[in-house]
Amino acid sequence: MKVVIIEDEKLLAEHLTILLQKIDESITVVNYFDTITASVNAFKEALNADLIFMDIHLADGNSFEIFNQIQLEIPVIFTTAFDNYAIQAFKQNSVDYLLKPIALKELQFALDKFKKQQQSGNKDLISSIALAYQQMNKEYKTRFLVKLGQTIDTIPTDEIHHFETKESLSFLVTNKGNRYLIDYTLDQLETMLNPQNFFRINRKIILHIQSIEKVSTYFNSRLSIATKFLDNDARIVSRERVNDFKEWLDN
């Protein structure tokens with residue numbers, strides 16, 4: 001198997017090469033590149049490879065820029081210390097990734113996944129990379145228009161404590177406890193809010209991370225959040241969301 005490594009840290013590239021050789025001595029690293037420019041130029045010259053290991057942050061920018069400049073039809077496994085939300089995008093779209101520092105077991109798993117994907121071709125993988133890039137670069141709402149009586153105001157998202165739904169109505173609640181009726185459903189809000197800052201802890205509540213004072217274990221494998229402006233039931237993280245919630249906190 002011919003492999004290309006795109007990585008701007010030489011020691012990491014060398015470490016990855018050693019791990020690949022441990023897994024399969026037939027793997028050959030045919031080229032190393034440390035910039036977007038060098039990578040694009042090489043692939044424009046029809047550089048041939050079976051698989052690319054690609055760091056996200058390179059010396060001259062974000063490696064996703066490579067996909068904007070050329071039509072790359074070689075499968076990619078990302079090597080990254082990127083935030084968990086980018087990683088989730090890759091997972092949802094079946095894009096392989098490895099967290100640095102790279103572990104031998106995780107590398108083996110990624111290579112096995114690559115081999116399985118080869119059976120169905122590369123088109124789905126390439127299109128999923130493009131979709132992941134779009135998700136990463138999505139612009140989220142930074143403020144909401146609200147109305148109180150005859151007064152119209154805007155609330156920046158960093159002043160929002162949480163969003164909630166009651167009796168089919170949705171409300172925005174500020175850090176001062178002010179409540180405003182809004183026209184969006186919680187499902188709609190999930191697509192509009194930056195997931196680094198907001199998490200839907202259950203069917204009724206989307207909570208800002210700065211609103212969390214303490215998290216405790218709760219009955220039936222759930223979690224309880226200590227925070228203002230929420231009653232006992234509303235502050236419970238539902239069981240099916242607990243693992244994702246922990247990953248979100250650990251970002």
# chains A, B, ... in the order shown; residues from 1 in each chain; ligands from 1
>>> select_by_dssp(residues="range 66-241 of chain A", states="strand (DSSP E or B)", output="PyMOL selection string")
chain A and resi 76-80+96-99+143-148+151-156+160-166+169-174+179-182+198-200+205-208+214-218+222-226+236-237
>>> residues_around(residues="range 196-213 of chain A", least_positions_apart="2", cutoff="9 Å", atoms="only C-alpha atoms", output="PyMOL selection string")
chain A and resi 84-85+157-158+160-166+175+186+189-190+193-194+215+225-228+234-242+245+248-249+251
>>> closest_residue(among="A:Met1, A:Leu16, A:Leu169, A:Ala49", to="Leu98 in chain A", atoms="only C-alpha atoms")
A:Leu16
>>> closest_residue(among="A:Phe43, A:Gln150, A:Pro101, A:Leu230", to="Val173 in chain A", atoms="only C-alpha atoms")
A:Leu230
>>> atom_distance(atom1="CA of Glu159 in chain A", atom2="CA of Arg143 in chain A")
9.0 Å
>>> closest_residue(among="A:Lys115, A:Lys22, A:Lys141, A:His15", to="Thr191 in chain A", atoms="only C-alpha atoms")
A:Lys141
>>> atom_distance(atom1="CA of Tyr218 in chain A", atom2="CA of Asp250 in chain A")
19.0 Å
>>> closest_residue(among="A:Gln71, A:Ser168, A:Asn41, A:Gln118", to="Asp183 in chain A", atoms="only C-alpha atoms")
A:Ser168
>>> residues_around(residues="Ile102 in chain A", least_positions_apart="5", cutoff="12 Å", atoms="only C-alpha atoms", output="PyMOL selection string")
chain A and resi 11-20+53+55+77-81+97+107-110
>>> atom_distance(atom1="CA of Glu25 in chain A", atom2="CA of Lys113 in chain A")
18.4 Å
>>> closest_residue(among="A:Pro195, A:Phe219, A:Thr154, A:Gln21", to="Glu247 in chain A", atoms="only C-alpha atoms")
A:Pro195
